[in-house]
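File shown: model21.txt (compact mmCIF, C-alpha atoms).
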```txt
# COMPACT_ATOMS: atom_id res chain seq x y z
CA MET A 1 96.42 74.84 148.01
CA SER A 2 99.17 76.95 146.63
CA ASN A 3 98.76 79.99 144.45
CA SER A 4 101.44 78.77 142.13
CA PHE A 5 100.87 79.75 138.55
CA GLY A 6 102.64 80.89 135.45
CA VAL A 7 101.29 84.41 135.48
CA GLY A 8 99.04 85.75 138.21
CA LEU A 9 96.91 88.86 138.41
CA VAL A 10 96.24 89.46 142.06
CA GLY A 11 94.53 92.15 144.07
CA THR A 12 93.35 95.20 142.19
CA SER A 13 95.75 94.81 139.30
CA SER A 14 94.37 96.68 136.32
CA GLY A 15 95.29 97.98 132.92
CA ASN A 16 97.96 95.35 132.40
CA LEU A 17 98.77 93.58 129.16
CA ILE A 18 99.69 89.90 129.34
CA GLU A 19 100.78 89.08 125.83
CA LYS A 20 102.64 86.37 123.93
CA ASN A 21 103.76 84.48 127.00
CA THR A 22 104.05 80.74 127.35
CA ALA A 23 103.07 79.04 130.61
CA VAL A 24 103.44 75.29 130.87
CA GLY A 25 103.42 72.86 133.77
CA ASN A 26 102.38 75.31 136.46
CA MET A 27 99.46 74.88 138.81
CA SER A 28 97.58 77.30 136.58
CA GLY A 29 98.75 78.98 133.40
CA VAL A 30 97.20 82.32 134.25
CA ARG A 31 95.12 83.02 137.31
CA VAL A 32 93.05 86.19 137.53
CA PHE A 33 91.80 87.03 141.01
CA PRO A 34 88.36 88.49 141.79
CA LEU A 35 89.31 92.15 142.06
CA ALA A 36 91.55 92.30 139.01
CA GLY A 37 89.85 94.18 136.18
CA GLY A 38 90.54 95.90 132.92
CA ASN A 39 93.45 93.64 132.04
CA THR A 40 94.07 92.21 128.59
CA ILE A 41 95.32 88.64 128.21
CA ARG A 42 95.99 87.80 124.60
CA LEU A 43 98.10 85.75 122.25
CA ASN A 44 99.49 83.56 125.02
CA ILE A 45 100.02 79.83 125.11
CA PHE A 46 98.78 78.14 128.29
CA ALA A 47 99.09 74.38 128.23
CA GLY A 48 99.70 71.52 130.62
CA ASN A 49 98.58 73.46 133.66
CA PRO A 50 98.56 71.62 135.99
CA ALA A 51 100.76 68.76 134.98
CA ILE A 52 98.98 65.44 134.70
CA GLN A 53 100.49 63.96 137.84
CA VAL A 54 99.27 66.93 139.86
CA SER A 55 95.75 66.44 138.55
CA THR A 56 95.97 62.77 139.33
CA THR A 57 97.17 63.32 142.87
CA PHE A 58 95.18 66.38 143.89
CA GLY A 59 92.17 66.28 141.57
CA SER A 60 91.36 68.10 138.39
CA THR A 61 90.09 71.20 140.19
CA VAL A 62 93.43 72.31 141.59
CA GLY A 63 94.15 74.45 138.57
CA ALA A 64 93.67 75.00 134.86
CA ASP A 65 95.35 76.64 131.94
CA VAL A 66 93.14 79.68 132.50
CA VAL A 67 91.61 80.37 135.90
CA ASP A 68 89.47 83.49 135.94
CA LEU A 69 87.97 84.31 139.31
CA SER A 70 86.89 87.80 138.28
CA PRO A 71 83.34 88.67 137.21
CA ALA A 72 82.58 87.73 133.63
CA GLY A 73 83.71 90.38 131.20
CA SER A 74 85.85 92.36 133.60
CA ASN A 75 89.03 91.27 131.85
CA SER A 76 89.65 90.65 128.17
CA PHE A 77 90.82 87.29 126.84
CA ALA A 78 91.65 87.11 123.15
CA ASP A 79 93.42 84.65 120.89
CA ASN A 80 95.06 82.62 123.61
CA ARG A 81 95.89 78.98 123.08
CA CYS A 82 94.66 76.88 126.00
CA LEU A 83 92.90 73.67 126.82
CA THR A 84 91.31 73.94 130.24
CA TYR A 85 89.40 76.75 131.90
CA SER A 86 87.83 77.55 135.22
CA GLY A 87 85.77 80.66 135.76
CA ALA A 88 82.50 82.45 135.25
CA GLY A 89 82.79 82.20 131.49
CA PRO A 90 82.35 82.39 128.65
CA SER A 91 85.20 79.96 128.36
CA PRO A 92 88.04 80.93 126.03
CA CYS A 93 89.25 77.33 126.12
CA PRO A 94 89.77 74.95 124.52
CA SER A 95 91.40 76.97 121.82
CA VAL A 96 93.99 75.24 119.72
CA GLY A 97 95.55 75.90 116.37
CA LYS A 98 98.41 77.79 114.94
CA PRO A 99 99.96 79.94 117.63
CA GLN A 100 99.68 83.54 116.72
CA ASN A 101 102.43 86.03 117.08
CA GLY A 102 103.00 89.61 116.23
CA GLU A 103 104.96 88.92 113.12
CA ASP A 104 102.12 86.91 111.64
CA THR A 105 99.63 89.62 112.52
CA GLU A 106 101.73 92.31 110.96
CA GLN A 107 102.06 90.31 107.78
CA GLU A 108 98.32 89.82 107.69
CA ASP A 109 97.83 93.53 108.17
CA VAL A 110 100.14 94.33 105.30
CA ALA A 111 98.41 91.77 103.10
CA ALA A 112 95.01 93.18 104.01
CA PHE A 113 96.18 96.66 103.25
CA GLY A 114 97.50 95.53 99.91
CA ARG A 115 94.06 94.27 98.99
CA LYS A 116 92.36 97.45 100.08
CA ARG A 117 94.42 100.01 98.21
CA LEU A 118 92.39 103.03 99.29
CA ALA A 119 91.49 105.47 96.57
CA PHE A 120 94.68 105.16 94.58
CA PRO A 121 95.58 101.84 93.00
CA GLN A 122 99.23 102.62 93.46
CA ALA A 123 98.84 103.53 97.13
CA ARG A 124 100.60 101.07 99.37
CA LEU A 125 101.71 100.63 102.91
CA ILE A 126 105.45 100.66 102.82
CA ASP A 127 106.16 100.73 106.50
CA ALA A 128 104.50 100.06 109.80
CA VAL A 129 107.10 100.10 112.48
CA PHE A 130 107.42 100.79 116.18
CA HIS A 131 109.96 103.38 117.23
CA GLY A 132 111.54 103.56 120.61
CA ASN A 133 110.73 107.16 121.44
CA LEU A 134 107.67 109.26 121.08
CA ARG A 135 109.30 112.58 120.49
CA SER A 136 107.02 114.29 118.07
CA LEU A 137 103.33 114.75 118.24
CA PRO A 138 101.23 112.97 115.67
CA ASN A 139 100.82 115.03 112.59
CA ALA A 140 98.42 114.68 109.73
CA ALA A 141 100.22 117.05 107.45
CA GLY A 142 102.51 115.82 104.75
CA PRO A 143 105.88 117.43 104.16
CA ALA A 144 105.96 121.00 103.09
CA GLY A 145 106.31 121.81 99.43
CA TYR A 146 104.59 118.78 98.08
CA ALA A 147 103.20 118.93 94.60
CA HIS A 148 99.56 118.55 93.91
CA LYS A 149 97.07 118.91 91.17
CA ALA A 150 95.00 121.99 90.83
CA ALA A 151 91.94 122.02 93.02
CA SER A 152 88.89 120.47 91.48
CA ASP A 153 85.50 122.10 91.43
CA SER A 154 83.44 121.79 94.53
CA VAL A 155 82.42 118.23 95.19
CA THR A 156 80.29 116.54 97.82
CA VAL A 157 81.50 113.40 99.58
CA THR A 158 79.53 111.22 101.94
CA GLY A 159 81.13 108.86 104.39
CA LYS A 160 82.07 108.07 107.94
CA VAL A 161 84.55 109.99 110.08
CA VAL A 162 87.31 107.56 111.00
CA ASP A 163 90.68 107.35 112.69
CA ALA A 164 92.71 107.34 109.47
CA ALA A 165 95.70 105.37 110.67
CA CYS A 166 93.55 102.57 112.03
CA PHE A 167 91.34 102.60 108.94
CA MET A 168 94.30 101.92 106.69
CA LEU A 169 95.26 98.87 108.71
CA HIS A 170 91.87 97.53 109.77
CA PRO A 171 89.10 99.15 107.70
CA SER A 172 86.34 97.03 109.16
CA ALA A 173 87.51 97.52 112.73
CA ALA A 174 87.95 101.27 112.36
CA THR A 175 84.36 101.75 111.26
CA ALA A 176 82.85 99.49 113.91
CA ALA A 177 81.00 101.01 116.83
CA SER A 178 83.23 99.07 119.17
CA HIS A 179 86.20 101.08 117.93
CA LYS A 180 84.72 104.38 119.04
CA ASP A 181 86.47 104.53 122.40
CA CYS A 182 89.80 103.53 120.90
CA GLY A 183 89.38 106.05 118.11
CA ALA A 184 88.54 108.76 120.62
CA ALA A 185 91.71 107.97 122.55
CA CYS A 186 93.76 108.21 119.36
CA LEU A 187 92.03 111.46 118.46
CA ALA A 188 92.91 112.90 121.85
CA ARG A 189 96.55 112.22 121.06
CA GLY A 190 96.36 113.86 117.65
CA VAL A 191 95.87 110.98 115.27
CA PRO A 192 94.40 112.42 112.06
CA LEU A 193 90.79 111.92 111.16
CA ALA A 194 89.43 111.50 107.66
CA ILE A 195 86.15 110.90 105.91
CA ALA A 196 85.98 107.33 104.60
CA THR A 197 83.52 106.94 101.78
CA ASP A 198 81.71 103.70 101.12
CA ASP A 199 84.24 102.71 98.46
CA GLY A 200 87.11 103.10 100.91
CA THR A 201 88.39 106.44 99.71
CA LEU A 202 89.84 108.62 102.45
CA TYR A 203 89.45 112.38 102.34
CA PHE A 204 91.75 114.23 104.74
CA PRO A 205 90.51 117.66 105.80
CA ALA A 206 92.89 120.45 104.88
CA ASP A 207 92.44 122.10 108.26
CA GLY A 208 93.21 119.05 110.37
CA ASN A 209 90.89 117.52 112.92
CA GLN A 210 89.20 120.69 114.07
CA ARG A 211 85.92 120.29 112.25
CA LEU A 212 85.71 116.52 112.39
CA LYS A 213 86.69 115.84 115.97
CA SER A 214 83.16 116.08 117.29
CA LEU A 215 81.95 113.73 114.56
CA LEU A 216 84.13 110.67 115.11
CA ASN A 217 82.28 107.57 113.86
CA ALA A 218 79.41 109.71 112.57
CA ARG A 219 78.26 109.63 109.00
CA VAL A 220 78.68 113.00 107.35
CA ARG A 221 78.25 114.85 104.10
CA ALA A 222 81.02 117.31 103.26
CA SER A 223 81.29 119.70 100.34
CA GLY A 224 84.39 121.48 99.23
CA THR A 225 87.30 121.42 96.87
CA VAL A 226 89.46 118.33 96.60
CA VAL A 227 93.11 118.14 95.66
CA GLU A 228 95.24 115.07 95.13
CA LYS A 229 98.51 115.04 97.01
CA HIS A 230 101.28 112.91 95.66
CA ASP A 231 104.10 113.10 98.14
CA PRO A 232 104.36 110.46 100.87
CA MET A 233 102.37 111.01 104.02
CA GLU A 234 103.09 109.63 107.45
CA LEU A 235 100.42 108.97 110.02
CA LYS A 236 101.86 108.60 113.49
CA MET A 237 99.84 106.66 116.01
CA PRO A 238 100.82 106.51 119.70
CA VAL A 239 101.20 102.99 121.05
CA GLY A 240 101.45 102.96 124.81
CA ASP A 241 103.48 105.68 126.44
CA LYS A 242 106.80 105.11 124.76
CA ASN A 243 106.18 103.86 121.27
CA GLN A 244 104.54 105.03 118.14
CA MET A 245 103.45 103.28 115.03
CA VAL A 246 104.16 105.01 111.75
CA VAL A 247 101.97 104.21 108.80
CA ARG A 248 103.61 105.59 105.70
CA VAL A 249 101.52 105.98 102.59
CA GLU A 250 102.97 106.39 99.15
CA GLY A 251 101.09 106.99 95.97
CA GLY A 252 98.98 109.92 96.99
CA TYR A 253 95.90 110.81 98.93
CA LYS A 254 92.99 113.18 98.71
CA GLN A 255 92.66 116.35 100.71
CA ILE A 256 89.42 118.25 101.00
CA THR A 257 88.99 121.88 101.94
CA ILE A 258 85.66 121.62 103.64
CA GLU A 259 83.16 124.36 102.87
CA THR A 260 80.04 122.79 104.29
CA LEU A 261 79.78 119.87 106.66
CA GLU A 262 76.72 118.16 108.06
CA ARG A 263 76.04 115.08 110.11
CA ILE A 264 73.66 112.68 108.42
CA PRO A 265 71.05 111.55 110.92
CA ALA A 266 70.57 107.82 111.26
CA GLU A 267 67.14 107.84 109.64
CA LYS A 268 68.57 109.31 106.42
CA ARG A 269 71.28 106.68 105.99
CA MET B 1 119.81 83.76 138.55
CA THR B 2 119.14 80.87 140.88
CA GLY B 3 117.53 80.79 144.31
CA SER B 4 117.97 78.43 147.18
CA ALA B 5 114.96 76.20 146.66
CA SER B 6 114.66 72.96 144.84
CA PRO B 7 110.92 72.48 144.71
CA PRO B 8 109.38 70.89 146.62
CA ASN B 9 112.33 71.19 148.96
CA ASN B 10 113.32 74.39 150.71
CA CYS B 11 110.22 76.24 149.62
CA THR B 12 108.69 78.99 151.69
CA SER B 13 105.96 77.50 153.81
CA PHE B 14 102.63 79.18 154.25
CA PRO B 15 101.43 81.04 156.24
CA THR B 16 104.46 81.10 158.52
CA PRO B 17 107.33 81.42 158.30
CA PHE B 18 106.94 83.39 155.11
CA VAL B 19 110.43 84.00 153.85
CA PRO B 20 110.19 86.44 150.95
CA GLU B 21 112.78 84.94 148.69
CA ASP B 22 111.78 86.20 145.28
CA GLY B 23 114.02 86.23 142.26
CA ILE B 24 113.15 89.77 141.22
CA THR B 25 110.72 92.19 142.82
CA THR B 26 109.82 95.71 141.82
CA ALA B 27 108.87 96.49 145.42
CA GLY B 28 106.32 99.14 144.62
CA GLN B 29 108.51 100.98 142.13
CA SER B 30 107.24 102.31 138.82
CA ASN B 31 108.73 102.62 135.38
CA VAL B 32 110.81 99.49 135.71
CA ALA B 33 111.91 97.21 132.87
CA ILE B 34 112.96 93.60 133.37
CA LEU B 35 114.28 92.49 130.04
CA GLY B 36 115.57 89.09 129.06
CA PRO B 37 116.69 86.81 127.80
CA GLY B 38 117.38 85.37 131.20
CA LEU B 39 116.39 82.60 133.57
CA VAL B 40 114.93 83.13 137.04
CA ARG B 41 114.68 79.82 138.83
CA ASN B 42 114.54 77.94 142.08
CA PHE B 43 113.34 80.72 144.31
CA ALA B 44 111.49 79.87 147.49
CA ARG B 45 108.61 82.18 146.65
CA MET B 46 108.03 84.02 143.36
CA GLY B 47 110.22 84.09 140.32
CA ILE B 48 109.25 87.67 139.53
CA LEU B 49 107.00 89.67 141.84
CA LEU B 50 105.42 92.97 140.82
CA PRO B 51 103.73 94.35 143.93
CA LYS B 52 101.87 97.66 143.83
CA SER B 53 103.84 98.98 140.90
CA SER B 54 102.94 100.66 137.65
CA GLN B 55 104.30 100.85 134.14
CA VAL B 56 106.52 97.81 134.50
CA ARG B 57 107.67 95.84 131.49
CA VAL B 58 108.74 92.21 131.80
CA GLU B 59 109.88 90.73 128.53
CA ARG B 60 111.61 87.58 127.30
CA VAL B 61 112.32 86.18 130.74
CA THR B 62 112.00 82.51 131.62
CA ALA B 63 110.75 81.74 135.13
CA ALA B 64 111.10 78.11 136.04
CA ASP B 65 110.97 75.86 139.08
CA ASN B 66 110.02 78.57 141.53
CA CYS B 67 107.96 77.55 144.53
CA PHE B 68 105.04 79.88 143.97
CA SER B 69 104.41 81.74 140.74
CA GLY B 70 106.59 82.44 137.79
CA ILE B 71 105.32 85.99 137.46
CA LEU B 72 102.94 87.48 139.99
CA VAL B 73 101.26 90.82 139.33
CA SER B 74 99.80 92.07 142.61
CA GLY B 75 97.99 95.37 142.77
CA THR B 76 100.00 96.56 139.80
CA THR B 77 98.69 98.66 136.94
CA ASP B 78 99.47 99.61 133.36
CA SER B 79 102.21 97.06 132.89
CA ASP B 80 103.20 94.79 130.03
CA ILE B 81 104.11 91.15 130.56
CA ALA B 82 105.18 89.92 127.15
CA ARG B 83 107.01 87.05 125.50
CA ASN B 84 107.97 85.30 128.71
CA VAL B 85 108.06 81.61 129.45
CA SER B 86 106.77 80.37 132.79
CA VAL B 87 107.21 76.69 133.46
CA ARG B 88 106.94 74.31 136.41
CA ASN B 89 106.40 77.01 138.96
CA PHE B 90 104.97 75.44 142.08
CA GLY B 91 106.05 73.09 144.71
CA PHE B 92 105.25 73.92 148.26
CA ASP B 93 102.74 72.22 150.53
CA GLY B 94 103.11 68.94 148.78
CA THR B 95 101.84 70.01 145.40
CA ALA B 96 105.04 69.47 143.54
CA CYS B 97 104.78 65.93 142.43
CA GLY B 98 103.74 66.52 138.87
CA GLY B 99 105.46 69.60 137.71
CA THR B 100 108.94 69.23 138.98
```
Can you give me the file's structure in the form of structure tokens?
Amino acid sequence: MSNSFGVGLVGTSSGNLIEKNTAVGNMSGVRVFPLAGGNTIRLNIFAGNPAIQVSTTFGSTVGADVVDLSPAGSNSFADNRCLTYSGAGPSPCPSVGKPQNGEDTEQEDVAAFGRKRLAFPQARLIDAVFHGNLRSLPNAAGPAGYAHKAASDSVTVTGKVVDAACFMLHPSAATAASHKDCGAACLARGVPLAIATDDGTLYFPADGNQRLKSLLNARVRASGTVVEKHDPMELKMPVGDKNQMVVRVEGGYKQITIETLERIPAEKR
Amino acid sequence: MTGSASPPNNCTSFPTPFVPEDGITTAGQSNVAILGPGLVRNFARMGILLPKSSQVRVERVTAADNCFSGILVSGTTDSDIARNVSVRNFGFDGTACGGT
């Protein structure tokens, strides 16, 4: 039987992203072969694979919307629309409903951010865009010369060390254990870290990531002086090799000059 | 761009002879972008073939009525296949009756 499909992942294909495609009327919508691993297949529409006359003539096993011949879990399927599936499972099909697309997701992100509001009620996400070139390294610092209030007395904050850019878009995801690897990758590329307290307030360390980098996803207690910055801040997050996402925050943020910092062991939480 | 096949007619037969008529192939190259909108159709083998390549981007291309696959990723890594349409890609060895 032919290997005729909409999108095929053959051989040792890995690290590929199959996203927002539509495959209709092929022998299979997407077919992942046994040695393909580490690929992400998401937000696609696979339907009518194979066409009904093909199923009638050659049997229903000739193909499916999603055919996954790789070991279970070796590739990631998420939010695809499909009806039929063949593979080791768990089956991502049938999955029907409103087709998702990036624009919808971005709107949901903005809406979610609007509900969260961080520490400042007036804080808002005013931009989250992809730029064509990644020319500058990510930078946690705001522009020089910004105004700020006088430093407060020493305070103690308790919270979790998070990837700040991700936290502002997906607070629940950024604090999940499953985000640790992703957060570590962002950290390696300079994305700023912050301490997120239980009420969602972010405290950015005045000295950058140096002291927090070994504590990503850990719960910590930090003491020091806190100042409120009021000029806009941009958090730049690498996306792939060529793009970056810029999360711009207006309305202020808190910066802490850490004097003491300790990890809170699990039993004390 | 249009190939010479009209599935199920004039398709590459398997295993021999195996005429490699593909619409677009990256042929092992890296850092390649195939950007639509555009239509790749009626090729005797693949619409778009990405063999042993890396960092390839295929976006907003429609692959239709090709004899094998619309888009085939073979031994390729770190590539993005996004916002394409792949429809009625099959036809050889008598399997064409429903889709074309």
Taking all atoms of region 53-64 of chain B that the file lists, what box with edges along x, y and z, padded by 3 Å per side, do you get, with centre and edge lengths in Å to one decimal, as JSON?
```
{"center_x": 107.6, "center_y": 89.5, "center_z": 134.1, "size_x": 15.4, "size_y": 28.7, "size_z": 19.6}
```
Report task. Select, from A:Leu17, A:Ala64, A:Leu35, A:Ala88, the residue with the minimum atom-to-atom distance to Ser76 (chain A), counting all atoms listed in the file. Result -> A:Leu17
**Report entry** Within 9 Å of chain B: residues of chain A, using only C-alpha atoms, as a PyMOL selection string
**Finding:** chain A and resi 1-27+29+36+39+44+49-58
Report task. Go ahead and compute the interatomic distance for CA of Val157 (chain A) and CA of His230 (chain A), in Å to one decimal. Result ->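 For CA of Val157 (chain A) relative to CA of His230 (chain A), the distance reads 20.2 Å.
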Report summary line: note - CA of Val96 (chain A) and CA of Arg41 (chain B) are separated by 28.5 Å
